[in-house]
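*Asks:* Below: one structure in structure tokens.
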Amino acid sequence: MDIAVTDHLLSTTRAVRRRLDLERPVGRDVILDCLRLAVQAPTGGNKQAWRWLVVDDPGVRADVAEIYGRRTLAVIDRRYPHLKDPQTRRVYEGARYLATVLARVPVLIVPCVQGRPDDPGAPHPAAFYGSIFPAIWSLQLALRSRRMGSVLTTPFTGEDERRYAEILRLPATMTPVALLPVAYTIGDEFKPARRPPIETITRWNGWTDRPEKDLP
Ligand SMILES: Cc1cc2nc3c(=O)[nH]c(=O)nc-3n(C[C@H](O)[C@H](O)[C@H](O)COP(=O)(O)O)c2cc1C
């Protein structure tokens, strides 16, 4: 195992919005390679109820982008004027850009779970949704290692879910969880994000008010 390579991959896989290459096509084979890796991820009870809907048809992408843009831009326009933190403002600016170009992103991947979270006997939400997110992250890592970028978006809320389901011909028994725009990236340099020192958000052997290093 090459730790340097693995650590670089894990620390530089970012949410890519502005640096998606809208001109370069993405082949189906490379998407299938990445999905093949993604389904190595764990699932609760080894259920593997994941299903993967890949959209590369320009007409379907345009229909998805139409709903996505309408809702996302409305939310951004409402919240943006109140944002103070520069990093959060940049995320919103990136999200606005993405919403305006989504139809031109070569591939959209919709990870789904077979079943509904409110089905009788459905797993606890932690396991229902928790069984798809490890695979989604593996997918994003596999894409990054092939010079592609992606961003995990969650547009399937409320009334919109029904509209998306119609466009994507999703059966009522299927739960779409996320929408990942996928494209080759413009450039390959991504930096680790700034995060609080891990010691400040970690406790050992039970929760105390302050991290161990601050204790007398
Ligand atoms: C559960 C979840 C939901 C997210 N939903 C959205 C979304 O709807 N739209 C979007 O642009 N980004 C979304 N993101 C991406 C985050 O905004 C992004 O990961 C965060 O800004 C940190 O950026 P980084 O990944 O580059 O460090 C989501 C991420 C997660 C984990």
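All residue names refer to the structure tokens as shown: chains lettered A, B, ... in order, residues numbered from 1 in each chain, ligands numbered from 1 in order.
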Residues at most 9 Å from stretch 165-174 of chain A, counting only C-alpha atoms, excluding those fewer than 5 positions away in the same chain, as a list in words?
*Replies:*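 So, after excluding close chain neighbours, the residues are Arg51, Leu53, Val55, Val60, Asp63, Val64, Cys112, Val113, Gln114, Gly115, Arg116 and Asp160 of chain A.
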*Asks:* How about saving the chosen residues, N, CA, C and O atoms kept, as a PDB file, in the first residue's frame?
*Replies:*
```
ATOM      1  N   ARG A  51     -28.533   0.805  -6.025  1.00  0.00           N
ATOM      2  CA  ARG A  51     -28.735   0.753  -7.473  1.00  0.00           C
ATOM      3  C   ARG A  51     -28.165   2.055  -8.014  1.00  0.00           C
ATOM      4  O   ARG A  51     -28.203   3.075  -7.345  1.00  0.00           O
ATOM      5  N   LEU A  53     -28.034   4.813 -11.118  1.00  0.00           N
ATOM      6  CA  LEU A  53     -28.617   5.334 -12.343  1.00  0.00           C
ATOM      7  C   LEU A  53     -27.631   6.345 -12.929  1.00  0.00           C
ATOM      8  O   LEU A  53     -27.297   7.339 -12.265  1.00  0.00           O
ATOM      9  N   VAL A  55     -26.766   8.953 -15.950  1.00  0.00           N
ATOM     10  CA  VAL A  55     -27.430   9.728 -17.005  1.00  0.00           C
ATOM     11  C   VAL A  55     -26.365  10.359 -17.881  1.00  0.00           C
ATOM     12  O   VAL A  55     -25.603  11.227 -17.417  1.00  0.00           O
ATOM     13  N   VAL A  60     -32.045  13.928 -21.264  1.00  0.00           N
ATOM     14  CA  VAL A  60     -32.403  13.627 -19.866  1.00  0.00           C
ATOM     15  C   VAL A  60     -31.628  14.559 -18.936  1.00  0.00           C
ATOM     16  O   VAL A  60     -32.166  15.080 -17.955  1.00  0.00           O
ATOM     17  N   ASP A  63     -33.366  17.852 -18.813  1.00  0.00           N
ATOM     18  CA  ASP A  63     -34.597  17.825 -18.005  1.00  0.00           C
ATOM     19  C   ASP A  63     -34.263  17.853 -16.509  1.00  0.00           C
ATOM     20  O   ASP A  63     -34.907  18.545 -15.728  1.00  0.00           O
ATOM     21  N   VAL A  64     -33.244  17.062 -16.122  1.00  0.00           N
ATOM     22  CA  VAL A  64     -32.818  17.043 -14.709  1.00  0.00           C
ATOM     23  C   VAL A  64     -32.310  18.431 -14.315  1.00  0.00           C
ATOM     24  O   VAL A  64     -32.666  18.976 -13.263  1.00  0.00           O
ATOM     25  N   CYS A 112     -29.038   5.185  -5.808  1.00  0.00           N
ATOM     26  CA  CYS A 112     -30.377   4.923  -5.268  1.00  0.00           C
ATOM     27  C   CYS A 112     -30.306   3.768  -4.276  1.00  0.00           C
ATOM     28  O   CYS A 112     -29.402   2.938  -4.328  1.00  0.00           O
ATOM     29  N   VAL A 113     -31.310   3.721  -3.400  1.00  0.00           N
ATOM     30  CA  VAL A 113     -31.481   2.547  -2.531  1.00  0.00           C
ATOM     31  C   VAL A 113     -32.783   1.880  -2.934  1.00  0.00           C
ATOM     32  O   VAL A 113     -33.815   2.561  -3.073  1.00  0.00           O
ATOM     33  N   GLN A 114     -32.729   0.567  -3.137  1.00  0.00           N
ATOM     34  CA  GLN A 114     -33.954  -0.151  -3.457  1.00  0.00           C
ATOM     35  C   GLN A 114     -34.788  -0.250  -2.180  1.00  0.00           C
ATOM     36  O   GLN A 114     -34.289  -0.746  -1.159  1.00  0.00           O
ATOM     37  N   GLY A 115     -36.035   0.242  -2.258  1.00  0.00           N
ATOM     38  CA  GLY A 115     -36.885   0.288  -1.071  1.00  0.00           C
ATOM     39  C   GLY A 115     -37.078   1.728  -0.654  1.00  0.00           C
ATOM     40  O   GLY A 115     -36.453   2.643  -1.208  1.00  0.00           O
ATOM     41  N   ARG A 116     -38.000   1.925   0.300  1.00  0.00           N
ATOM     42  CA  ARG A 116     -38.272   3.258   0.814  1.00  0.00           C
ATOM     43  C   ARG A 116     -37.952   3.274   2.305  1.00  0.00           C
ATOM     44  O   ARG A 116     -38.169   2.275   3.004  1.00  0.00           O
ATOM     45  N   ASP A 160     -40.053  17.899  -5.368  1.00  0.00           N
ATOM     46  CA  ASP A 160     -39.092  17.710  -6.457  1.00  0.00           C
ATOM     47  C   ASP A 160     -38.779  16.242  -6.700  1.00  0.00           C
ATOM     48  O   ASP A 160     -38.529  15.834  -7.834  1.00  0.00           O
TER      49      ASP A 160
END
```
*Asks:* Taking only C-alpha atoms and all ligand atoms into account, which residues have an atom no farther than 6 Å from ligand 1? I'd like them as a PyMOL selection string.
*Replies:* chain A and resi 14-15+91+95+151-155+193
*Asks:* Take the residues just selected and output them with all heavy atoms as a short mmCIF file (atom, residue, chain, number, x, y, z; two decimals), in the first residue's frame.
*Replies:*
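What landed in out-v4.cif:
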```
data_model
loop_
_atom_site.label_atom_id
_atom_site.label_comp_id
_atom_site.auth_asym_id
_atom_site.auth_seq_id
_atom_site.Cartn_x
_atom_site.Cartn_y
_atom_site.Cartn_z
N ARG A 14 -12.05 16.76 -3.40
CA ARG A 14 -12.88 17.91 -3.03
C ARG A 14 -14.21 17.88 -3.78
O ARG A 14 -14.36 17.15 -4.76
CB ARG A 14 -12.17 19.23 -3.39
CG ARG A 14 -10.82 19.47 -2.75
CD ARG A 14 -10.94 20.39 -1.54
NE ARG A 14 -11.63 19.76 -0.44
CZ ARG A 14 -11.03 18.91 0.43
NH1 ARG A 14 -9.78 18.62 0.33
NH2 ARG A 14 -11.72 18.36 1.40
N ALA A 15 -15.13 18.70 -3.30
CA ALA A 15 -16.35 18.96 -4.06
C ALA A 15 -15.97 19.82 -5.26
O ALA A 15 -15.54 20.95 -5.08
CB ALA A 15 -17.36 19.70 -3.19
N VAL A 91 -18.57 28.54 -1.48
CA VAL A 91 -19.31 27.30 -1.77
C VAL A 91 -20.62 27.64 -2.50
O VAL A 91 -20.97 27.02 -3.51
CB VAL A 91 -19.60 26.50 -0.47
CG1 VAL A 91 -20.58 25.37 -0.73
CG2 VAL A 91 -18.31 25.95 0.12
N ALA A 95 -21.87 26.63 -6.13
CA ALA A 95 -23.15 25.92 -6.31
C ALA A 95 -24.03 26.65 -7.34
O ALA A 95 -24.72 26.01 -8.14
CB ALA A 95 -23.86 25.81 -4.97
N VAL A 151 -19.32 16.12 -7.30
CA VAL A 151 -19.79 16.77 -6.08
C VAL A 151 -21.09 16.11 -5.67
O VAL A 151 -21.97 15.84 -6.51
CB VAL A 151 -19.95 18.31 -6.26
CG1 VAL A 151 -20.70 18.68 -7.50
CG2 VAL A 151 -20.65 18.93 -5.04
N LEU A 152 -21.15 15.81 -4.39
CA LEU A 152 -22.34 15.13 -3.87
C LEU A 152 -23.44 16.18 -3.65
O LEU A 152 -23.26 17.08 -2.84
CB LEU A 152 -21.96 14.46 -2.55
CG LEU A 152 -22.87 13.41 -1.96
CD1 LEU A 152 -22.11 12.63 -0.91
CD2 LEU A 152 -24.11 14.00 -1.36
N THR A 153 -24.52 16.09 -4.40
CA THR A 153 -25.63 17.02 -4.14
C THR A 153 -26.86 16.21 -3.73
O THR A 153 -26.98 15.02 -4.04
CB THR A 153 -25.98 17.90 -5.37
OG1 THR A 153 -26.68 17.10 -6.32
CG2 THR A 153 -24.73 18.50 -5.99
N THR A 154 -27.76 16.89 -3.03
CA THR A 154 -28.92 16.17 -2.45
C THR A 154 -30.21 16.91 -2.80
O THR A 154 -30.81 17.57 -1.95
CB THR A 154 -28.75 16.07 -0.93
OG1 THR A 154 -28.24 17.33 -0.43
CG2 THR A 154 -27.77 15.00 -0.54
N PRO A 155 -30.63 16.82 -4.07
CA PRO A 155 -31.79 17.62 -4.49
C PRO A 155 -33.14 16.91 -4.36
O PRO A 155 -34.17 17.50 -4.71
CB PRO A 155 -31.48 17.88 -5.97
CG PRO A 155 -30.76 16.66 -6.41
CD PRO A 155 -30.02 16.13 -5.21
N ALA A 193 -8.43 20.56 2.50
CA ALA A 193 -9.27 21.64 3.05
C ALA A 193 -8.80 21.99 4.45
O ALA A 193 -8.18 21.15 5.13
CB ALA A 193 -10.72 21.20 3.09
#
```
*Asks:* In Å, with one decimal, what is the gap from atom CA of A:Arg19 to atom CA of A:Val177?
*Replies:*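 That distance, rounded to one decimal, is 23.7 Å.
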*Asks:* May I have a table of the residues of stretch 49-125 of chain A lying at most 10 Å from stretch 25-31 of chain A, giving each one's closest pair of atoms and their distance in Å to one decimal, counting only C-alpha atoms, ordered by chain and ascending residue number, as a Markdown table?
*Replies:*
```
| residue | atom | partner | partner_atom | distance |
| --- | --- | --- | --- | --- |
| A:Val54 | CA | A:Ile31 | CA | 8.6 |
| A:Asp56 | CA | A:Arg28 | CA | 8.7 |
| A:Val105 | CA | A:Pro25 | CA | 9.1 |
| A:Pro106 | CA | A:Pro25 | CA | 6.1 |
| A:Val107 | CA | A:Val26 | CA | 7.0 |
| A:Ile109 | CA | A:Ile31 | CA | 9.3 |
```
*Asks:* Could you please determine the separation between atom CA of A:Gly45 and atom CA of A:Phe128 in Å, to one decimal place?
*Replies:*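 Interatomic distance here is 10.5 Å.
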*Asks:* Give the strand (DSSP E) residues of stretch 3-167 of chain A, as DSSP finds them on the backbone, and put them as a list in words.
*Replies:*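 Across stretch 3-167 of chain A, those assigned strand (DSSP E) are Trp50, Arg51, Trp52, Leu53, Val54, Val55, Val107, Leu108, Ile109, Val110, Pro111, Cys112, Val113, Gln114, Met148, Gly149 and Ser150 of chain A.
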*Asks:* So that I have them on file, write out the residues from the current selection with all heavy atoms, as a tab-separated table (two decimals), in the first residue's frame.
*Replies:*
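Okay, part-v2.tsv is ready:
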```tsv
chain	number	residue	atom	x	y	z
A	50	TRP	N	-28.06	-1.06	-3.01
A	50	TRP	CA	-27.74	0.08	-3.88
A	50	TRP	C	-28.08	-0.21	-5.34
A	50	TRP	O	-27.95	-1.33	-5.83
A	50	TRP	CB	-26.27	0.46	-3.74
A	50	TRP	CG	-25.33	-0.71	-3.74
A	50	TRP	CD1	-25.39	-1.85	-4.50
A	50	TRP	CD2	-24.19	-0.88	-2.88
A	50	TRP	NE1	-24.37	-2.69	-4.19
A	50	TRP	CE2	-23.61	-2.14	-3.20
A	50	TRP	CE3	-23.60	-0.09	-1.91
A	50	TRP	CZ2	-22.47	-2.62	-2.57
A	50	TRP	CZ3	-22.47	-0.58	-1.27
A	50	TRP	CH2	-21.92	-1.83	-1.60
A	51	ARG	N	-28.53	0.81	-6.02
A	51	ARG	CA	-28.74	0.75	-7.47
A	51	ARG	C	-28.17	2.06	-8.01
A	51	ARG	O	-28.20	3.08	-7.35
A	51	ARG	CB	-30.22	0.62	-7.85
A	51	ARG	CG	-30.88	-0.65	-7.33
A	51	ARG	CD	-30.35	-1.93	-8.01
A	51	ARG	NE	-31.00	-3.14	-7.52
A	51	ARG	CZ	-30.54	-3.88	-6.50
A	51	ARG	NH1	-29.45	-3.52	-5.84
A	51	ARG	NH2	-31.18	-4.97	-6.13
A	52	TRP	N	-27.65	2.02	-9.22
A	52	TRP	CA	-26.93	3.18	-9.76
A	52	TRP	C	-27.57	3.61	-11.07
A	52	TRP	O	-27.63	2.82	-12.02
A	52	TRP	CB	-25.45	2.82	-9.96
A	52	TRP	CG	-24.86	2.28	-8.70
A	52	TRP	CD1	-24.83	0.96	-8.31
A	52	TRP	CD2	-24.28	3.01	-7.62
A	52	TRP	NE1	-24.25	0.84	-7.06
A	52	TRP	CE2	-23.90	2.09	-6.61
A	52	TRP	CE3	-24.04	4.37	-7.41
A	52	TRP	CZ2	-23.30	2.47	-5.42
A	52	TRP	CZ3	-23.43	4.76	-6.23
A	52	TRP	CH2	-23.06	3.82	-5.25
A	53	LEU	N	-28.03	4.81	-11.12
A	53	LEU	CA	-28.62	5.33	-12.34
A	53	LEU	C	-27.63	6.35	-12.93
A	53	LEU	O	-27.30	7.34	-12.26
A	53	LEU	CB	-29.96	6.01	-12.02
A	53	LEU	CG	-30.70	6.61	-13.19
A	53	LEU	CD1	-31.02	5.56	-14.25
A	53	LEU	CD2	-32.00	7.24	-12.70
A	54	VAL	N	-27.16	6.06	-14.12
A	54	VAL	CA	-26.18	6.94	-14.76
A	54	VAL	C	-26.86	7.64	-15.93
A	54	VAL	O	-27.47	6.99	-16.78
A	54	VAL	CB	-24.96	6.13	-15.27
A	54	VAL	CG1	-23.90	7.07	-15.84
A	54	VAL	CG2	-24.39	5.26	-14.16
A	55	VAL	N	-26.77	8.95	-15.95
A	55	VAL	CA	-27.43	9.73	-17.00
A	55	VAL	C	-26.37	10.36	-17.88
A	55	VAL	O	-25.60	11.23	-17.42
A	55	VAL	CB	-28.32	10.82	-16.39
A	55	VAL	CG1	-29.01	11.63	-17.49
A	55	VAL	CG2	-29.35	10.21	-15.43
A	107	VAL	N	-21.79	13.65	-17.35
A	107	VAL	CA	-22.44	12.49	-16.73
A	107	VAL	C	-23.03	12.91	-15.38
A	107	VAL	O	-22.39	13.61	-14.60
A	107	VAL	CB	-21.43	11.33	-16.52
A	107	VAL	CG1	-22.04	10.21	-15.67
A	107	VAL	CG2	-20.97	10.75	-17.86
A	108	LEU	N	-24.24	12.44	-15.11
A	108	LEU	CA	-24.85	12.63	-13.79
A	108	LEU	C	-25.11	11.24	-13.22
A	108	LEU	O	-25.68	10.39	-13.91
A	108	LEU	CB	-26.18	13.39	-13.91
A	108	LEU	CG	-26.17	14.70	-14.72
A	108	LEU	CD1	-27.59	15.26	-14.85
A	108	LEU	CD2	-25.25	15.72	-14.05
A	109	ILE	N	-24.66	11.01	-12.00
A	109	ILE	CA	-24.90	9.70	-11.38
A	109	ILE	C	-25.85	9.87	-10.20
A	109	ILE	O	-25.65	10.73	-9.34
A	109	ILE	CB	-23.58	9.05	-10.90
A	109	ILE	CG1	-22.62	8.87	-12.08
A	109	ILE	CG2	-23.87	7.69	-10.25
A	109	ILE	CD1	-21.31	8.16	-11.74
A	110	VAL	N	-26.89	9.04	-10.20
A	110	VAL	CA	-27.88	9.08	-9.11
A	110	VAL	C	-27.81	7.76	-8.34
A	110	VAL	O	-28.35	6.75	-8.79
A	110	VAL	CB	-29.30	9.29	-9.68
A	110	VAL	CG1	-30.34	9.33	-8.55
A	110	VAL	CG2	-29.38	10.57	-10.51
A	111	PRO	N	-27.12	7.76	-7.20
A	111	PRO	CA	-27.12	6.56	-6.36
A	111	PRO	C	-28.50	6.40	-5.72
A	111	PRO	O	-29.06	7.36	-5.19
A	111	PRO	CB	-26.07	6.87	-5.28
A	111	PRO	CG	-25.32	8.07	-5.77
A	111	PRO	CD	-26.26	8.82	-6.65
A	112	CYS	N	-29.04	5.19	-5.81
A	112	CYS	CA	-30.38	4.92	-5.27
A	112	CYS	C	-30.31	3.77	-4.28
A	112	CYS	O	-29.40	2.94	-4.33
A	112	CYS	CB	-31.33	4.49	-6.38
A	112	CYS	SG	-31.51	5.68	-7.72
A	113	VAL	N	-31.31	3.72	-3.40
A	113	VAL	CA	-31.48	2.55	-2.53
A	113	VAL	C	-32.78	1.88	-2.93
A	113	VAL	O	-33.82	2.56	-3.07
A	113	VAL	CB	-31.54	2.96	-1.04
A	113	VAL	CG1	-31.77	1.72	-0.17
A	113	VAL	CG2	-30.27	3.67	-0.63
A	114	GLN	N	-32.73	0.57	-3.14
A	114	GLN	CA	-33.95	-0.15	-3.46
A	114	GLN	C	-34.79	-0.25	-2.18
A	114	GLN	O	-34.29	-0.75	-1.16
A	114	GLN	CB	-33.64	-1.53	-3.99
A	114	GLN	CG	-34.83	-2.13	-4.68
A	114	GLN	CD	-34.48	-3.41	-5.42
A	114	GLN	OE1	-33.69	-4.20	-4.92
A	114	GLN	NE2	-35.03	-3.58	-6.58
A	148	MET	N	-11.06	12.60	-12.63
A	148	MET	CA	-12.41	13.16	-12.74
A	148	MET	C	-12.81	13.79	-11.41
A	148	MET	O	-12.31	13.43	-10.36
A	148	MET	CB	-13.41	12.09	-13.15
A	148	MET	CG	-13.30	11.75	-14.62
A	148	MET	SD	-14.47	10.49	-15.10
A	148	MET	CE	-13.58	9.06	-14.59
A	149	GLY	N	-13.74	14.73	-11.50
A	149	GLY	CA	-14.24	15.38	-10.30
A	149	GLY	C	-15.73	15.14	-10.17
A	149	GLY	O	-16.42	14.82	-11.15
A	150	SER	N	-16.23	15.31	-8.96
A	150	SER	CA	-17.66	15.14	-8.72
A	150	SER	C	-18.03	15.97	-7.50
A	150	SER	O	-17.16	16.44	-6.77
A	150	SER	CB	-17.98	13.66	-8.46
A	150	SER	OG	-17.29	13.21	-7.32
```
*Asks:* I'd like the interatomic distance between atom CA of A:Lys191 and atom CA of A:Thr12, to a tenth of an Å.
*Replies:*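 That distance, rounded to one decimal, is 5.3 Å.
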*Asks:* Taking only C-alpha atoms into account, which of A:His82, A:Arg162, A:Arg203, A:Arg36 comes nearest A:Ala142?
*Replies:*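 Among the listed residues, A:Arg36 lies closest to A:Ala142.
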